[in-house]
Structures are given as structure tokens and as C-alpha cells.
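Student: Have a look at this one.
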Amino acid sequence: MKSLRTLSLPVLLGCLGLLSGCQSGTDSGTSSYTPPTDSPGNVLKVGVTPDMAPMVFKQAGKLTGFEIEMAREFGKYLERPVEFVQVKWADQLTALQNGRTDIVMSSMSITPQRRMLAAFSNPYMHVGQMMLVHRKDLYRYALGFPQPLPGTVGVQRGTVGEYVVEEMFAHSKKKTYRSIDDAVKDLANKRIDSVISDAQIVLYQAALNQTASLTVIPRMLHEDYLGWAVRPQDTELLTKVNEFIAKTQKDDSMNATIKRWMPLAQ
């Protein structure tokens with residue numbers, strides 16, 4: 001576990017940026033599923049969990065967000081139509097393994113545990129975990145994060161945020177949620193005292209909930225990297241994913257998409 005880092009907000013936001021030259025981890029795995037060929041025309045089934053704004057969410061009943069835009073561009077790159085498959089977060093890798101989806105593009109952090117079940121692309125974004133609190137409670141964190149955390153902290157089940165609470169704040173009172181939206185709703189209604197999640201999600205929720213006086217603690221709790229996941233045996237698709245990431249980083253189109261959804265990212 002890396003030590004706690006205190007960063008100015010501009011520097012912190014700069015962490016939500018692009019990466020280049022990183023190597024992916026592709027642990028081998030076994031599966032009886034035989035995927036279709038990656039030839040043009042075959043549908044690319046993209047697994048998404050649409051409750052992670054601004055990365056992937058629903059607006060007026062339609063899927064939108066950074067991941068949705070990038071998935072559509074990736075489909076064009078492959079010359080394959082894209083079908084979005086909505087999957088519960090806890091079931092994403094299972095759906096991938098059994099062939100319900102071909103790739104997970106849903107703000108998934110690359111972790112050693114997940115690498116045992118899937119092959120990840122090169123990282124496309126450097127992120128981290130941050131805390132959302134009521135503005136009136138900022139004073140509690142003036143000297144850092146107390147042990148245990150005040151009150152109850154909300155996290156999405158099965159995420160790095162839950163892992164961070166278990167590892168760094170083991171004696172704190174924790175409540176798990178199906179989605180971050182549910183956790184933030186409870187925070188706004190003062191049923192819990194804080195929420196920990198990916199920095200880009202926390203910053204977005206803070207902007208969305210200004211009337212509820214929610215704000216972020218400008219310290220990164222934990223740093224991690226986002227990647228897109230495929231089955232370990234889908235080596236051709238993994239190669240294409242990494243080529244696509246390299247291309248969109250080089251021509252700056254990924255950075256433009258990031259700034260469209262996260263204007264303060266540098």
C-alpha cells in the first residue's frame with residue numbers, strides 16, 4: 001500500500017490523465033468458451049455497468065459517458081458494430097468469461113486479483129481513490145484521515161474503494177452499496193458520513209451535489225490504473241485494444257474525450 005499523498009487540487013486533477021508506454025499484464029486462464037473471430041462485421045459485445053458517471057451512466061434513458069464514446073470509437077477502429085451489454089458490477093468478469101461479453105469497458109481498475117480472471121489492456125488512465133463528505137465536516141480531516149473514520153463510510157461493493165477501506169481503515173464502520181449513486185444519495189440525506197470511490201467519480205458527484213453541500217477531501221487515498229479487460233485467450237483482440245489506445249493517445253483524441261467528460265483533468 002502506498003503512503004497517503006496530499007496534493008493540491010490542480011495536481012490531483014492532473015492525475016486523471018493519459019498514460020503511454022505502460023505494459024499490460026496478461027495472466028493465463030482457462031475457459032471452454034471459443035470466441036468468434038475478430039474479423040470486421042462481427043458484433044463486439046461491450047460489458048458496462050452504467051452507474052459510474054462520468055465514465056459510464058444513463059442520461060434520459062440512454063447510455064453515455066467517456067467509456068461509451070471510447071467503445072464506439074473502438075468499434076469503428078475494428079470495423080465491427082458495438083452492442084452494449086449492461087452487467088451488474090460484481091458479474092462483469094463472469095460475463096466476460098462465459099462469452100456474454102467480449103470486453104469490459106466500464107472504469108475497471110487493474111488489480112492482481114482481476115488479472116487472474118482476465119487480460120487487461122495497457123492502462124489508459126491514472127486515477128485514485130478520494131473521499132466525498134459534507135462541507136461542514138471538512139475540519140475533521142484538516143490533519144489527515146483519522147483512525148477510525150468518523151461515522152460511517154459508504155463504498156460500492158466489489159470496488160477498489162471497498163478494498164481501500166478494508167486495508168487502510170479496518171476499524172471504521174463501513175456500508176456497502178450496489179452503486180455509488182445510492183451511496184451518495186445516502187450521504188446527501190445524512191444517513192452516512194462519507195463516500196470513497198474513484199477520483200473522477202467523486203469529483204463528478206461533488207459537482208452534481210453542490211446544493212447538498214458535498215465536497216471532496218483533496219488528498220489521494222490510493223493510486224491505481226484503469227484498463228479494458230478481455231479473455232486471456234483473446235490475444236488478437238487484446239493486441240487491437242492496445243493499438244487503439246496507443247493511436248488515440250498519439251493523435252490526442254482520447255485526451256479530448258477525457259476533457260469533454262472531465263473538464264478539469266489536465
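By convention in this document, the chains of the C-alpha cells carry letters A, B, ... by their order, each chain's residues are numbered from 1, and ligands are numbered from 1 in the order they are shown.
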I want to know what sits within 10 Å of region 164-173 of chain A, based on only C-alpha atoms, with residues of the same chain fewer than 6 positions away left out; could you give that as a ChimeraX atom specification?
Tutor: /A:1,4,129,145-155,192,196-197,221-222
Student: Give me, as a list in words, all polymer residues having an atom no more than 10 Å from Lys240 (chain A), counting only C-alpha atoms and skipping those fewer than 6 positions away in the same chain.
Tutor: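 In the requested form, the answer reads Asp38, Phe74, Tyr77, Leu78, Ser121 and Ala246 of chain A.
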Student: With C-alpha atoms retained, write the just-selected residues as a PDB file, in the first residue's frame.
Tutor:
```
ATOM      1  CA  ASP A  38     -12.256 -10.586 -34.679  1.00  0.00           C
ATOM      2  CA  PHE A  74     -13.048   1.286 -30.813  1.00  0.00           C
ATOM      3  CA  TYR A  77     -11.430   1.106 -35.436  1.00  0.00           C
ATOM      4  CA  LEU A  78     -12.204  -2.619 -35.637  1.00  0.00           C
ATOM      5  CA  SER A 121      -5.057  -3.667 -21.862  1.00  0.00           C
ATOM      6  CA  ALA A 246      -1.702   3.972 -28.493  1.00  0.00           C
TER       7      ALA A 246
END
```
Student: Hey, what does DSSP flag as helix (DSSP H, G or I) within region 27-241 of chain A? Can you give it to me as a ChimeraX atom specification?
Tutor: /A:66-78,89-97,112-115,135-141,160-168,180-188,199-208,210-212,235-241
Student: Identify, with DSSP run on backbone atoms, the residues in region 7-189 of chain A assigned to strand (DSSP E), and express the list as an mmCIF file with C-alpha atoms, in the first residue's frame.
Tutor:
```
data_model
loop_
_atom_site.group_PDB
_atom_site.id
_atom_site.type_symbol
_atom_site.label_atom_id
_atom_site.label_comp_id
_atom_site.auth_asym_id
_atom_site.auth_seq_id
_atom_site.Cartn_x
_atom_site.Cartn_y
_atom_site.Cartn_z
ATOM 1 C CA LEU A 44 -18.362 -6.527 -30.378
ATOM 2 C CA LYS A 45 -20.208 -7.090 -27.114
ATOM 3 C CA VAL A 46 -19.092 -4.455 -24.595
ATOM 4 C CA GLY A 47 -19.829 -5.012 -20.903
ATOM 5 C CA VAL A 48 -20.825 -1.866 -18.997
ATOM 6 C CA ASP A 51 -23.801 3.799 -12.630
ATOM 7 C CA MET A 52 -20.336 5.349 -12.726
ATOM 8 C CA VAL A 56 -20.458 5.292 -17.951
ATOM 9 C CA PHE A 57 -24.041 6.098 -16.963
ATOM 10 C CA LYS A 58 -27.528 6.709 -18.282
ATOM 11 C CA GLN A 59 -28.926 10.080 -19.244
ATOM 12 C CA LYS A 62 -29.598 6.337 -22.912
ATOM 13 C CA LEU A 63 -26.077 5.102 -22.232
ATOM 14 C CA THR A 64 -23.470 7.839 -22.247
ATOM 15 C CA VAL A 82 -20.891 -2.424 -30.994
ATOM 16 C CA GLU A 83 -23.526 -3.904 -28.710
ATOM 17 C CA PHE A 84 -23.576 -2.649 -25.136
ATOM 18 C CA VAL A 85 -24.405 -5.341 -22.593
ATOM 19 C CA GLN A 86 -25.458 -3.993 -19.197
ATOM 20 C CA ILE A 103 -14.639 -6.782 -23.490
ATOM 21 C CA VAL A 104 -15.251 -4.834 -20.266
ATOM 22 C CA ALA A 119 -6.244 -9.994 -19.562
ATOM 23 C CA PHE A 120 -6.030 -6.218 -19.280
ATOM 24 C CA MET A 125 -5.980 6.427 -17.298
ATOM 25 C CA HIS A 126 -4.181 7.035 -13.999
ATOM 26 C CA VAL A 127 -6.714 7.543 -11.229
ATOM 27 C CA GLY A 128 -7.048 7.043 -7.492
ATOM 28 C CA GLN A 129 -9.447 6.897 -4.581
ATOM 29 C CA MET A 130 -10.871 10.034 -2.956
ATOM 30 C CA MET A 131 -13.405 10.832 -0.260
ATOM 31 C CA LEU A 132 -16.652 12.786 -0.546
ATOM 32 C CA VAL A 133 -18.018 14.458 2.603
ATOM 33 C CA HIS A 134 -20.329 17.229 3.757
ATOM 34 C CA THR A 152 -19.995 5.502 8.525
ATOM 35 C CA VAL A 153 -18.210 5.406 5.167
ATOM 36 C CA GLY A 154 -20.072 4.238 2.069
ATOM 37 C CA VAL A 155 -18.446 2.246 -0.758
ATOM 38 C CA GLN A 156 -19.587 0.370 -3.826
ATOM 39 C CA LYS A 173 -17.798 1.480 10.168
ATOM 40 C CA LYS A 174 -18.486 0.629 6.515
ATOM 41 C CA LYS A 175 -21.689 0.321 4.495
ATOM 42 C CA THR A 176 -21.617 -1.250 1.025
ATOM 43 C CA TYR A 177 -23.881 -0.275 -1.853
#
```
Student: Of the candidates A:Gln249, A:Thr257, A:Ser106, A:Gln97, which shows the shortest atom-to-atom distance to Trp228 (chain A), using only C-alpha atoms?
Tutor: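 Comparing A:Gln249, A:Thr257, A:Ser106, A:Gln97 against Trp228 (chain A), the winner is A:Ser106.
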Student: Please measure the separation of CA of Leu208 (chain A) and CA of Lys190 (chain A), giving the value in Å to one decimal.
Tutor: 16.4 Å
